[in-house]
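Novice: The file below is model.csv, CSV, C-alpha atoms:
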chain,number,residue,atom,x,y,z
A,1,MET,CA,0.0,0.0,0.0
A,2,LYS,CA,1.1,3.6,-0.5
A,3,GLN,CA,0.2,7.0,0.8
A,4,HIS,CA,0.0,10.3,-1.1
A,5,ALA,CA,-1.5,13.7,-1.0
A,6,ALA,CA,-5.1,14.0,-2.1
A,7,HIS,CA,-4.2,15.9,-5.4
A,8,PRO,CA,-1.1,14.6,-7.1
A,9,THR,CA,-0.3,16.2,-10.4
A,10,TRP,CA,-0.7,13.1,-12.4
A,11,PHE,CA,-4.4,12.7,-11.7
A,12,ARG,CA,-6.7,13.1,-14.7
A,13,LEU,CA,-8.5,16.4,-14.5
A,14,ALA,CA,-11.1,15.9,-17.1
A,15,ALA,CA,-13.4,13.0,-17.9
A,16,VAL,CA,-14.2,11.5,-21.3
A,17,GLY,CA,-17.6,12.7,-22.6
A,18,VAL,CA,-20.4,10.4,-21.5
A,19,THR,CA,-23.1,9.2,-23.9
A,20,ALA,CA,-26.4,8.3,-22.3
A,21,PHE,CA,-28.2,5.4,-23.8
A,22,THR,CA,-31.4,3.5,-23.8
A,23,ILE,CA,-31.7,-0.2,-24.4
A,24,ALA,CA,-34.0,0.3,-27.4
A,25,ALA,CA,-31.6,2.6,-29.1
A,26,LEU,CA,-28.7,0.2,-28.5
A,27,ALA,CA,-30.6,-2.8,-29.8
A,28,ALA,CA,-31.4,-0.9,-33.0
A,29,CYS,CA,-28.5,1.5,-33.8
A,30,SER,CA,-29.2,3.9,-36.5
A,31,SER,CA,-27.0,4.4,-39.5
A,32,GLY,CA,-24.3,7.0,-39.3
A,33,GLN,CA,-22.5,5.4,-36.4
A,34,GLU,CA,-18.7,5.7,-36.3
A,35,THR,CA,-17.1,2.5,-37.7
A,36,ALA,CA,-16.6,0.0,-34.9
A,37,GLY,CA,-13.3,-1.5,-33.7
A,38,PRO,CA,-11.7,-4.8,-34.7
A,39,ALA,CA,-13.7,-8.0,-35.2
A,40,ASP,CA,-16.9,-6.1,-36.2
A,41,SER,CA,-17.9,-8.7,-38.8
A,42,GLY,CA,-21.6,-9.5,-39.0
A,43,GLY,CA,-24.4,-10.1,-41.4
A,44,THR,CA,-27.9,-11.4,-41.6
A,45,LYS,CA,-28.2,-14.7,-39.9
A,46,ASP,CA,-31.4,-16.7,-39.5
A,47,GLY,CA,-32.2,-19.4,-37.0
A,48,THR,CA,-30.9,-19.7,-33.5
A,49,LEU,CA,-28.0,-17.5,-32.4
A,50,THR,CA,-25.5,-18.4,-29.8
A,51,ILE,CA,-23.5,-15.7,-28.0
A,52,ALA,CA,-20.7,-16.4,-25.5
A,53,LEU,CA,-20.6,-14.0,-22.5
A,54,LEU,CA,-17.2,-14.5,-20.9
A,55,GLN,CA,-16.9,-12.6,-17.6
A,56,LYS,CA,-14.2,-12.0,-15.1
A,57,GLN,CA,-15.2,-12.4,-11.4
A,58,GLY,CA,-18.6,-13.9,-12.4
A,59,ASP,CA,-19.5,-14.5,-8.8
A,60,GLN,CA,-19.7,-10.8,-8.0
A,61,GLN,CA,-23.2,-9.4,-7.9
A,62,TYR,CA,-22.6,-6.8,-10.6
A,63,PHE,CA,-21.6,-9.5,-13.1
A,64,ILE,CA,-24.4,-11.8,-12.0
A,65,ASP,CA,-26.7,-8.9,-12.8
A,66,GLU,CA,-25.0,-8.4,-16.1
A,67,ALA,CA,-25.5,-12.0,-17.0
A,68,THR,CA,-29.2,-11.7,-16.1
A,69,GLY,CA,-29.5,-8.7,-18.3
A,70,ALA,CA,-27.8,-10.5,-21.2
A,71,LYS,CA,-30.2,-13.5,-20.9
A,72,ASP,CA,-33.2,-11.2,-20.6
A,73,ALA,CA,-32.2,-9.5,-23.9
A,74,ALA,CA,-31.7,-12.9,-25.6
A,75,LYS,CA,-35.1,-14.0,-24.3
A,76,ASP,CA,-36.8,-10.9,-25.6
A,77,ALA,CA,-35.2,-11.3,-29.0
A,78,GLY,CA,-36.2,-15.0,-29.4
A,79,ASP,CA,-34.0,-17.8,-30.8
A,80,VAL,CA,-30.9,-16.5,-29.0
A,81,THR,CA,-28.9,-18.4,-26.4
A,82,VAL,CA,-26.3,-16.8,-24.2
A,83,ASN,CA,-23.6,-19.0,-22.7
A,84,VAL,CA,-22.2,-17.4,-19.6
A,85,VAL,CA,-18.7,-18.4,-18.4
A,86,ASP,CA,-17.0,-17.3,-15.2
A,87,LEU,CA,-13.4,-16.5,-15.9
A,88,GLY,CA,-12.6,-15.6,-12.3
A,89,THR,CA,-9.4,-13.6,-12.4
A,90,ASP,CA,-7.5,-16.0,-14.7
A,91,ALA,CA,-6.3,-14.4,-17.9
A,92,ASN,CA,-5.2,-17.8,-19.2
A,93,LYS,CA,-8.6,-19.2,-18.7
A,94,ALA,CA,-10.0,-16.3,-20.6
A,95,ILE,CA,-7.9,-17.2,-23.6
A,96,SER,CA,-8.8,-20.9,-23.4
A,97,GLU,CA,-12.5,-20.0,-23.1
A,98,VAL,CA,-12.3,-17.8,-26.2
A,99,GLU,CA,-10.8,-20.8,-28.0
A,100,ALA,CA,-13.5,-23.0,-26.7
A,101,ALA,CA,-16.2,-20.6,-27.8
A,102,ILE,CA,-14.7,-20.6,-31.3
A,103,ALA,CA,-14.5,-24.4,-31.3
A,104,GLN,CA,-18.2,-24.4,-30.4
A,105,GLN,CA,-18.9,-22.2,-33.4
A,106,VAL,CA,-20.7,-19.5,-31.5
A,107,ASP,CA,-22.0,-16.5,-33.5
A,108,GLY,CA,-20.6,-13.8,-31.3
A,109,ILE,CA,-18.4,-13.2,-28.3
A,110,ILE,CA,-18.7,-10.7,-25.5
A,111,ILE,CA,-15.9,-10.6,-23.1
A,112,VAL,CA,-15.0,-8.9,-19.8
A,113,VAL,CA,-11.3,-9.5,-19.6
A,114,PRO,CA,-9.5,-10.3,-16.3
A,115,ASP,CA,-6.5,-8.5,-17.7
A,116,GLY,CA,-6.5,-6.0,-20.6
A,117,LYS,CA,-3.1,-7.3,-21.8
A,118,ILE,CA,-4.8,-10.2,-23.4
A,119,GLY,CA,-6.8,-8.0,-25.6
A,120,PRO,CA,-4.7,-8.4,-28.7
A,121,GLN,CA,-4.7,-12.2,-28.4
A,122,VAL,CA,-8.4,-12.7,-27.9
A,123,ILE,CA,-9.2,-10.2,-30.7
A,124,GLN,CA,-6.9,-12.0,-33.1
A,125,LEU,CA,-8.4,-15.4,-32.2
A,126,ALA,CA,-11.9,-14.1,-32.9
A,127,ASN,CA,-10.8,-12.3,-36.1
A,128,GLU,CA,-9.1,-15.4,-37.5
A,129,ALA,CA,-12.3,-17.4,-36.8
A,130,GLY,CA,-14.5,-14.7,-38.4
A,131,ILE,CA,-16.5,-14.3,-35.2
A,132,PRO,CA,-17.4,-10.7,-34.0
A,133,ILE,CA,-16.1,-9.9,-30.5
A,134,MET,CA,-16.9,-6.9,-28.3
A,135,ALA,CA,-15.7,-5.9,-24.8
A,136,ALA,CA,-17.9,-5.2,-21.8
A,137,ASP,CA,-16.9,-3.2,-18.7
A,138,ASP,CA,-13.2,-3.3,-19.5
A,139,PRO,CA,-12.0,-1.9,-22.9
A,140,ILE,CA,-9.5,-4.0,-25.0
A,141,GLU,CA,-7.4,-3.2,-28.0
A,142,ASP,CA,-5.8,-5.2,-30.8
A,143,ALA,CA,-2.1,-5.3,-31.5
A,144,ALA,CA,-2.3,-2.1,-33.5
A,145,GLY,CA,-4.0,-0.2,-30.7
A,146,VAL,CA,-7.4,-0.2,-32.3
A,147,ALA,CA,-10.2,-0.6,-29.7
A,148,ALA,CA,-12.8,-3.3,-29.9
A,149,ALA,CA,-16.5,-2.2,-29.7
A,150,PHE,CA,-17.2,-1.5,-26.0
A,151,THR,CA,-20.2,-1.4,-23.7
A,152,GLY,CA,-19.8,-0.2,-20.1
A,153,PHE,CA,-19.0,2.9,-18.2
A,154,ASP,CA,-16.7,5.8,-18.3
A,155,GLY,CA,-14.2,5.1,-15.6
A,156,ALA,CA,-12.9,8.6,-15.0
A,157,SER,CA,-16.4,10.1,-14.9
A,158,MET,CA,-17.5,7.4,-12.4
A,159,GLY,CA,-14.6,8.1,-10.2
A,160,GLU,CA,-15.2,11.8,-10.3
A,161,LYS,CA,-18.9,11.4,-9.2
A,162,VAL,CA,-17.7,9.2,-6.3
A,163,GLY,CA,-15.0,11.8,-5.3
A,164,ALA,CA,-17.4,14.7,-5.5
A,165,GLU,CA,-19.9,12.9,-3.3
A,166,ALA,CA,-17.2,12.0,-0.8
A,167,ALA,CA,-16.2,15.7,-0.7
A,168,ARG,CA,-19.8,16.8,-0.1
A,169,LEU,CA,-20.1,14.3,2.8
A,170,TYR,CA,-16.8,15.4,4.3
A,171,GLN,CA,-17.6,19.1,4.1
A,172,GLU,CA,-21.1,18.6,5.5
A,173,ALA,CA,-19.7,16.6,8.5
A,174,GLY,CA,-17.4,19.5,9.3
A,175,TRP,CA,-14.3,17.3,9.6
A,176,THR,CA,-10.7,18.5,9.3
A,177,ALA,CA,-7.8,17.1,7.3
A,178,ALA,CA,-5.7,16.8,10.5
A,179,ASP,CA,-7.9,14.1,12.1
A,180,THR,CA,-9.3,12.5,8.9
A,181,ARG,CA,-7.9,9.9,6.4
A,182,ILE,CA,-9.2,8.7,3.1
A,183,LEU,CA,-9.0,5.0,2.5
A,184,SER,CA,-8.9,4.2,-1.3
A,185,ALA,CA,-9.1,0.4,-2.0
A,186,TYR,CA,-8.7,-1.1,-5.4
A,187,ARG,CA,-6.7,-3.6,-7.5
A,188,GLN,CA,-3.8,-1.5,-8.4
A,189,ASP,CA,-2.7,-3.4,-11.6
A,190,GLN,CA,-6.2,-3.0,-13.2
A,191,PRO,CA,-6.3,0.0,-15.5
A,192,ASN,CA,-10.1,0.7,-15.1
A,193,CYS,CA,-9.7,0.6,-11.4
A,194,VAL,CA,-6.8,3.1,-11.5
A,195,GLU,CA,-8.9,5.3,-13.7
A,196,ARG,CA,-11.8,5.3,-11.3
A,197,ILE,CA,-9.6,6.0,-8.3
A,198,GLU,CA,-7.7,8.8,-9.9
A,199,GLY,CA,-11.0,10.4,-10.9
A,200,ALA,CA,-12.3,10.1,-7.3
A,201,ALA,CA,-9.1,11.7,-5.8
A,202,SER,CA,-9.1,14.4,-8.5
A,203,ALA,CA,-12.7,15.4,-7.9
A,204,PHE,CA,-12.2,15.3,-4.1
A,205,ALA,CA,-9.1,17.5,-4.3
A,206,ASP,CA,-10.9,20.0,-6.6
A,207,ALA,CA,-13.6,20.4,-4.0
A,208,VAL,CA,-11.3,20.2,-1.0
A,209,PRO,CA,-7.8,21.6,-2.0
A,210,ASP,CA,-6.2,21.0,1.4
A,211,GLY,CA,-8.0,17.7,2.1
A,212,PRO,CA,-7.0,14.7,4.1
A,213,GLU,CA,-4.2,12.3,3.3
A,214,VAL,CA,-5.2,9.5,0.9
A,215,ILE,CA,-4.0,6.0,1.8
A,216,ASP,CA,-4.2,3.5,-1.1
A,217,ILE,CA,-4.9,-0.1,-0.2
A,218,GLY,CA,-4.1,-2.7,-2.8
A,219,THR,CA,-6.7,-5.5,-3.0
A,220,ASP,CA,-7.9,-8.2,-5.3
A,221,ASN,CA,-11.2,-6.3,-5.6
A,222,SER,CA,-13.1,-8.6,-3.3
A,223,ALA,CA,-14.9,-7.5,-0.1
A,224,THR,CA,-13.0,-10.1,2.0
A,225,ASP,CA,-9.6,-8.9,0.8
A,226,ALA,CA,-10.5,-5.3,1.2
A,227,GLN,CA,-11.6,-5.9,4.8
A,228,ASP,CA,-8.5,-7.9,5.6
A,229,LYS,CA,-6.1,-5.4,4.1
A,230,ALA,CA,-7.8,-2.4,5.7
A,231,GLY,CA,-7.3,-3.9,9.2
A,232,ALA,CA,-3.6,-3.2,9.2
A,233,VAL,CA,-4.1,0.3,8.0
A,234,ILE,CA,-6.6,1.1,10.6
A,235,THR,CA,-4.3,-0.2,13.3
A,236,ALA,CA,-1.5,1.9,12.0
A,237,ASN,CA,-3.6,5.0,12.2
A,238,ALA,CA,-5.1,4.7,15.6
A,239,GLY,CA,-5.3,8.4,16.2
A,240,VAL,CA,-7.5,9.1,13.2
A,241,LYS,CA,-11.1,10.2,14.2
A,242,HIS,CA,-12.8,10.3,10.9
A,243,TRP,CA,-12.6,8.2,7.7
A,244,VAL,CA,-13.6,8.8,4.1
A,245,VAL,CA,-13.8,5.6,2.1
A,246,TRP,CA,-14.1,4.8,-1.6
A,247,GLY,CA,-12.9,2.0,-3.9
A,248,CYS,CA,-12.9,0.5,-7.4
A,249,ASN,CA,-16.2,-1.3,-6.7
A,250,ASP,CA,-18.8,-1.9,-4.0
A,251,GLU,CA,-16.8,-4.9,-2.7
A,252,ASN,CA,-13.8,-2.7,-1.9
A,253,GLU,CA,-15.8,0.1,-0.3
A,254,THR,CA,-18.1,-2.1,1.9
A,255,GLY,CA,-15.1,-4.3,2.9
A,256,VAL,CA,-13.2,-1.3,4.2
A,257,VAL,CA,-16.3,0.1,6.0
A,258,THR,CA,-16.9,-3.3,7.6
A,259,ALA,CA,-13.3,-3.3,8.8
A,260,LEU,CA,-13.6,0.2,10.3
A,261,GLN,CA,-16.9,-0.6,12.1
A,262,ASN,CA,-15.5,-3.9,13.4
A,263,SER,CA,-12.6,-2.0,14.8
A,264,GLY,CA,-14.9,0.2,16.8
A,265,VAL,CA,-15.3,3.3,14.6
A,266,ALA,CA,-18.8,4.7,14.8
A,267,SER,CA,-20.8,4.9,11.7
A,268,THR,CA,-21.1,8.6,12.2
A,269,ASP,CA,-17.3,8.9,11.8
A,270,ILE,CA,-17.3,7.1,8.4
A,271,ALA,CA,-18.2,8.6,5.0
A,272,GLY,CA,-18.2,5.6,2.6
A,273,VAL,CA,-19.2,6.1,-1.0
A,274,GLY,CA,-19.7,2.8,-2.8
A,275,LEU,CA,-19.4,2.1,-6.5
A,276,GLY,CA,-22.2,-0.2,-7.7
A,277,ALA,CA,-24.8,0.2,-4.9
A,278,TYR,CA,-25.6,-3.5,-5.0
A,279,LEU,CA,-23.8,-4.1,-1.7
A,280,THR,CA,-24.1,-0.7,-0.1
A,281,CYS,CA,-27.8,-1.0,-0.3
A,282,LYS,CA,-27.9,-4.0,2.0
A,283,ASP,CA,-27.5,-1.9,5.2
A,284,TRP,CA,-30.0,0.6,3.9
A,285,ASN,CA,-32.5,-2.2,3.2
A,286,ALA,CA,-32.0,-3.5,6.7
A,287,GLY,CA,-32.5,-0.1,8.2
A,288,GLN,CA,-29.1,-0.2,9.9
A,289,GLU,CA,-26.9,2.7,10.9
A,290,THR,CA,-23.9,2.4,8.6
A,291,GLY,CA,-20.8,4.0,7.4
A,292,ASN,CA,-21.9,3.2,3.8
A,293,LYS,CA,-23.5,6.7,3.3
A,294,SER,CA,-24.1,6.6,-0.5
A,295,ALA,CA,-23.0,4.9,-3.7
A,296,LEU,CA,-22.7,5.4,-7.4
A,297,PHE,CA,-25.4,3.2,-9.0
A,298,ILE,CA,-24.2,1.2,-12.0
A,299,SER,CA,-26.6,-1.3,-13.5
A,300,GLY,CA,-25.0,-4.6,-14.6
A,301,VAL,CA,-28.4,-5.6,-15.9
A,302,GLU,CA,-28.5,-2.7,-18.4
A,303,VAL,CA,-25.0,-3.3,-19.6
A,304,GLY,CA,-25.7,-6.9,-20.2
A,305,LYS,CA,-28.9,-6.0,-22.1
A,306,ALA,CA,-27.1,-3.4,-24.2
A,307,ALA,CA,-24.2,-5.6,-25.1
A,308,VAL,CA,-26.3,-8.5,-26.2
A,309,GLY,CA,-28.8,-6.2,-28.0
A,310,SER,CA,-25.9,-4.7,-30.0
A,311,MET,CA,-24.5,-8.1,-30.9
A,312,ILE,CA,-27.9,-9.4,-32.0
A,313,ALA,CA,-28.4,-6.3,-34.2
A,314,LEU,CA,-25.1,-7.0,-35.8
A,315,LEU,CA,-25.8,-10.7,-36.4
A,316,ARG,CA,-29.4,-10.4,-37.4
A,317,ASP,CA,-29.4,-7.1,-39.4
A,318,GLY,CA,-25.8,-6.3,-40.1
A,319,THR,CA,-26.0,-3.2,-37.9
A,320,GLU,CA,-22.4,-2.2,-36.9
A,321,LEU,CA,-21.5,-2.5,-33.3
A,322,PRO,CA,-21.4,0.9,-31.6
A,323,PRO,CA,-17.7,1.7,-31.0
A,324,LYS,CA,-18.4,2.9,-27.5
A,325,THR,CA,-21.6,2.6,-25.6
A,326,VAL,CA,-21.5,4.4,-22.2
A,327,ALA,CA,-24.1,3.8,-19.5
A,328,ASN,CA,-25.6,6.4,-17.2
A,329,THR,CA,-24.7,6.4,-13.5
A,330,GLU,CA,-26.0,8.4,-10.6
A,331,ILE,CA,-25.5,8.7,-6.8
A,332,VAL,CA,-28.0,7.0,-4.5
A,333,ASP,CA,-28.4,6.7,-0.8
A,334,ALA,CA,-30.7,5.3,1.9
A,335,SER,CA,-33.5,7.7,0.9
A,336,ASN,CA,-33.8,6.9,-2.8
A,337,TRP,CA,-32.0,3.7,-3.7
A,338,GLU,CA,-35.2,1.7,-4.2
A,339,ALA,CA,-36.9,4.4,-6.3
A,340,LYS,CA,-33.8,4.6,-8.5
A,341,GLY,CA,-34.1,0.9,-9.3
A,342,VAL,CA,-31.2,-0.6,-7.3
A,343,VAL,CA,-31.7,-4.4,-6.9
A,344,CYS,CA,-30.4,-5.5,-3.5
A,345,THR,CA,-29.9,-9.2,-3.3
Mind turning the file's structure into structure tokens?
Specialist:
Amino acid sequence: MKQHAAHPTWFRLAAVGVTAFTIAALAACSSGQETAGPADSGGTKDGTLTIALLQKQGDQQYFIDEATGAKDAAKDAGDVTVNVVDLGTDANKAISEVEAAIAQQVDGIIIVVPDGKIGPQVIQLANEAGIPIMAADDPIEDAAGVAAAFTGFDGASMGEKVGAEAARLYQEAGWTAADTRILSAYRQDQPNCVERIEGAASAFADAVPDGPEVIDIGTDNSATDAQDKAGAVITANAGVKHWVVWGCNDENETGVVTALQNSGVASTDIAGVGLGAYLTCKDWNAGQETGNKSALFISGVEVGKAAVGSMIALLRDGTELPPKTVANTEIVDASNWEAKGVVCT
């Protein structure tokens, strides 16, 4: 783990523009779209379609929701089967499952890579087999640096919304930098996590120029690991009164908040901002006092629907895959999470 000031010069200061979408529009993209990335080969295919959805960390709730959305889109289209495969965090398994999908002669591949470094290889495999491939959640590029079609979120923008919300909570609480620390938990070798975390820190620093010290905690992006790794940090900072928490996903943020609460920190001294809302909502649903104060709601269901809808449009109608489909996100809390459509499981 490493520590740094809340506003290092290398943080991104601007987010990529975000394009809102609706599922209907995604499933039937109009002409005039920018040409999609590699492996955008389609046509008009009759009969049953088979699409492989290969997901990293498929046991996480977000990806379970994404698989549900993908299957819902397939059911709505009719004569479409989605084969979901959990890749865990194994990049080698991802490659072998792409090869297996090709051997099974699937019609299209949607992949959430465990490691972006395998992008060139999986794209080449699909291209050579003549099977269209698109990325979900984590962008990938071919060997020439050309991005595959992508459906997911804008990482920098997501992080900035989290950081801005954390700054609001910090300022409203009236805390000071001297007795507050920010715990930032994420998998540090995962580019999309780095992008989110940098966005959060940048937005917080913009709102609070002389803010608290940020302590980065390297995790495997699971709640258990985040909770375990946070324990040592909390012990080493026994004099800290207040804590701001964010992470790459809900697992990281809720894991750290749990560690803080288990160590005796009152929920009123914790300002945790989740990223996903599918875990932060559990305390709200139970009516518990919690350090999980709010979260950025991202819908795995909608991303799954959008990705499969785009792939079906390519295969059925020859409609080009949208180069980059970016989903909407918004901050929710205990007062509005149900009305906003968060599914708490």
Novice: A:Trp246, A:Trp337, A:Tyr170, A:Phe204: which is nearest Trp284 in chain A, counting all atoms listed in the file?
Specialist: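 Of the candidates, the smallest distance to Trp284 in chain A is held by A:Trp337.
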Novice: How many Å separate CA of Asp216 in chain A from CA of Gly119 in chain A?
Specialist: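 Those two atoms sit 27.2 Å apart.
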Novice: Given the choices A:Gly159, A:Pro209, A:Gly272, A:Pro114, which gets closest to Asp137 in chain A if the distance is worked out from all atoms listed in the file?
Specialist: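 Of A:Gly159, A:Pro209, A:Gly272, A:Pro114, the one nearest Asp137 in chain A, counting all atoms listed in the file, is A:Pro114.
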Novice: Quick one: residues within 8 Å of (-21.9, 7.1, -3.0) (file frame), counting all atoms listed in the file, please, as a list of chain:residue names.
Specialist: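 Taken together, the residues in range are A:Val162, A:Glu165, A:Ala166, A:Gly272, A:Val273, A:Gly274, A:Leu275, A:Ala277, A:Asn292, A:Lys293, A:Ser294, A:Ala295, A:Leu296, A:Phe297, A:Ile331, A:Val332, A:Asp333.
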Novice: Mind dumping the selected residues with C-alpha atoms as a PDB file, in the coordinates of the input?
Specialist:
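New file part11.pdb:
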ATOM      1  CA  VAL A 162     -17.700   9.200  -6.300  1.00  0.00           C
ATOM      2  CA  GLU A 165     -19.900  12.900  -3.300  1.00  0.00           C
ATOM      3  CA  ALA A 166     -17.200  12.000  -0.800  1.00  0.00           C
ATOM      4  CA  GLY A 272     -18.200   5.600   2.600  1.00  0.00           C
ATOM      5  CA  VAL A 273     -19.200   6.100  -1.000  1.00  0.00           C
ATOM      6  CA  GLY A 274     -19.700   2.800  -2.800  1.00  0.00           C
ATOM      7  CA  LEU A 275     -19.400   2.100  -6.500  1.00  0.00           C
ATOM      8  CA  ALA A 277     -24.800   0.200  -4.900  1.00  0.00           C
ATOM      9  CA  ASN A 292     -21.900   3.200   3.800  1.00  0.00           C
ATOM     10  CA  LYS A 293     -23.500   6.700   3.300  1.00  0.00           C
ATOM     11  CA  SER A 294     -24.100   6.600  -0.500  1.00  0.00           C
ATOM     12  CA  ALA A 295     -23.000   4.900  -3.700  1.00  0.00           C
ATOM     13  CA  LEU A 296     -22.700   5.400  -7.400  1.00  0.00           C
ATOM     14  CA  PHE A 297     -25.400   3.200  -9.000  1.00  0.00           C
ATOM     15  CA  ILE A 331     -25.500   8.700  -6.800  1.00  0.00           C
ATOM     16  CA  VAL A 332     -28.000   7.000  -4.500  1.00  0.00           C
ATOM     17  CA  ASP A 333     -28.400   6.700  -0.800  1.00  0.00           C
TER      18      ASP A 333
END
Novice: Could you pull the residues within 7 Å of range 299-304 of chain A, counting only C-alpha atoms, minus those fewer than 4 positions along the same chain, as a ChimeraX atom specification?
Specialist: /A:62-63,65-70,151-152,308
Novice: Compare A:Thr254, A:Ser96, A:Ser263, A:Thr325 by their minimum atom-to-atom distance to Thr290 in chain A, counting only C-alpha atoms, and give me the closest one.
Specialist: A:Thr254
Novice: In terms of the shortest atom-to-atom distance over all atoms listed in the file, which of A:Ala94, A:Leu183, A:Ala101, A:Ala286 is closest to Ile118 in chain A?
Specialist: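 Smallest distance to Ile118 in chain A is found for A:Ala94.
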Novice: To one decimal place in Å, what is the distance between CA of Gly155 in chain A and CA of Arg196 in chain A?
Specialist: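 These atoms are spaced 4.9 Å apart.
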Novice: May I ask which of the residues A:Thr176, A:Thr89, A:Ser335, A:Ser310 is the closest one to Trp243 in chain A, counting only C-alpha atoms?
Specialist: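 Between A:Thr176, A:Thr89, A:Ser335, A:Ser310, the residue approaching Trp243 in chain A most closely is A:Thr176.
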Novice: Looking at all atoms listed in the file, which of A:Ala91, A:Val112, A:Ala238, A:Ala339 is the one that sits closest to Ala52 in chain A?
Specialist: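 The answer is A:Val112, which sits nearest to Ala52 in chain A.
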Novice: Enter the distance from CA of Gly255 in chain A to CA of Thr235 in chain A, in Å, rounded to one decimal.
Specialist: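 Taking CA of Gly255 in chain A as the start and CA of Thr235 in chain A as the end point, the length is 15.5 Å.
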Novice: Find the residues near Cys248 in chain A: any atom within 12 Å, counting all atoms listed in the file, skip ones fewer than 6 places away on the same chain, and give them as number ranges by chain.
Specialist: A: 155-156, 158-160, 162-163, 183-201, 216-223, 226, 254-256, 273-276, 295-296
Novice: Step by step: start from the point (-34.8, -18.1, -30.4) in the file's coordinates, keep every protein, DNA or RNA residue that has an atom no farther than 10 Å from it, count all atoms listed in the file, and write the set as a list of chain:residue names.
Specialist: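 Collected hits near the coordinates: A:Asp46, A:Gly47, A:Thr48, A:Leu49, A:Thr50, A:Ala74, A:Lys75, A:Asp76, A:Ala77, A:Gly78, A:Asp79, A:Val80, A:Thr81.
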Novice: How would range 167-178 of chain A look with N, CA, C and O atoms restored, written as a tab-separated table (two decimals), in the coordinates of the input?
Specialist:
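Writing the result to selection-v3.tsv gives the following:
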chain	number	residue	atom	x	y	z
A	167	ALA	N	-16.51	14.32	-1.12
A	167	ALA	CA	-16.20	15.70	-0.70
A	167	ALA	C	-17.37	16.36	-0.05
A	167	ALA	O	-17.24	17.07	0.96
A	168	ARG	N	-18.54	16.16	-0.63
A	168	ARG	CA	-19.80	16.80	-0.10
A	168	ARG	C	-20.01	16.23	1.33
A	168	ARG	O	-20.31	17.01	2.27
A	169	LEU	N	-19.89	14.92	1.52
A	169	LEU	CA	-20.10	14.30	2.80
A	169	LEU	C	-19.09	14.82	3.84
A	169	LEU	O	-19.42	15.12	5.00
A	170	TYR	N	-17.84	14.92	3.42
A	170	TYR	CA	-16.80	15.40	4.30
A	170	TYR	C	-17.02	16.83	4.74
A	170	TYR	O	-16.89	17.17	5.92
A	171	GLN	N	-17.38	17.68	3.81
A	171	GLN	CA	-17.60	19.10	4.10
A	171	GLN	C	-18.85	19.26	5.01
A	171	GLN	O	-18.85	20.06	5.96
A	172	GLU	N	-19.91	18.51	4.72
A	172	GLU	CA	-21.10	18.60	5.50
A	172	GLU	C	-20.89	18.13	6.96
A	172	GLU	O	-21.50	18.64	7.91
A	173	ALA	N	-19.98	17.15	7.12
A	173	ALA	CA	-19.70	16.60	8.50
A	173	ALA	C	-18.84	17.62	9.27
A	173	ALA	O	-18.78	17.51	10.50
A	174	GLY	N	-18.18	18.55	8.60
A	174	GLY	CA	-17.40	19.50	9.30
A	174	GLY	C	-16.04	18.96	9.79
A	174	GLY	O	-15.43	19.50	10.72
A	175	TRP	N	-15.57	17.89	9.17
A	175	TRP	CA	-14.30	17.30	9.60
A	175	TRP	C	-13.12	18.11	9.11
A	175	TRP	O	-13.25	18.97	8.23
A	176	THR	N	-11.95	17.84	9.69
A	176	THR	CA	-10.70	18.50	9.30
A	176	THR	C	-9.72	17.52	8.76
A	176	THR	O	-9.76	16.33	9.09
A	177	ALA	N	-8.80	18.02	7.94
A	177	ALA	CA	-7.80	17.10	7.30
A	177	ALA	C	-6.89	16.52	8.39
A	177	ALA	O	-6.40	15.39	8.23
A	178	ALA	N	-6.67	17.23	9.49
A	178	ALA	CA	-5.70	16.80	10.50
A	178	ALA	C	-6.16	15.45	11.15
A	178	ALA	O	-5.31	14.60	11.49
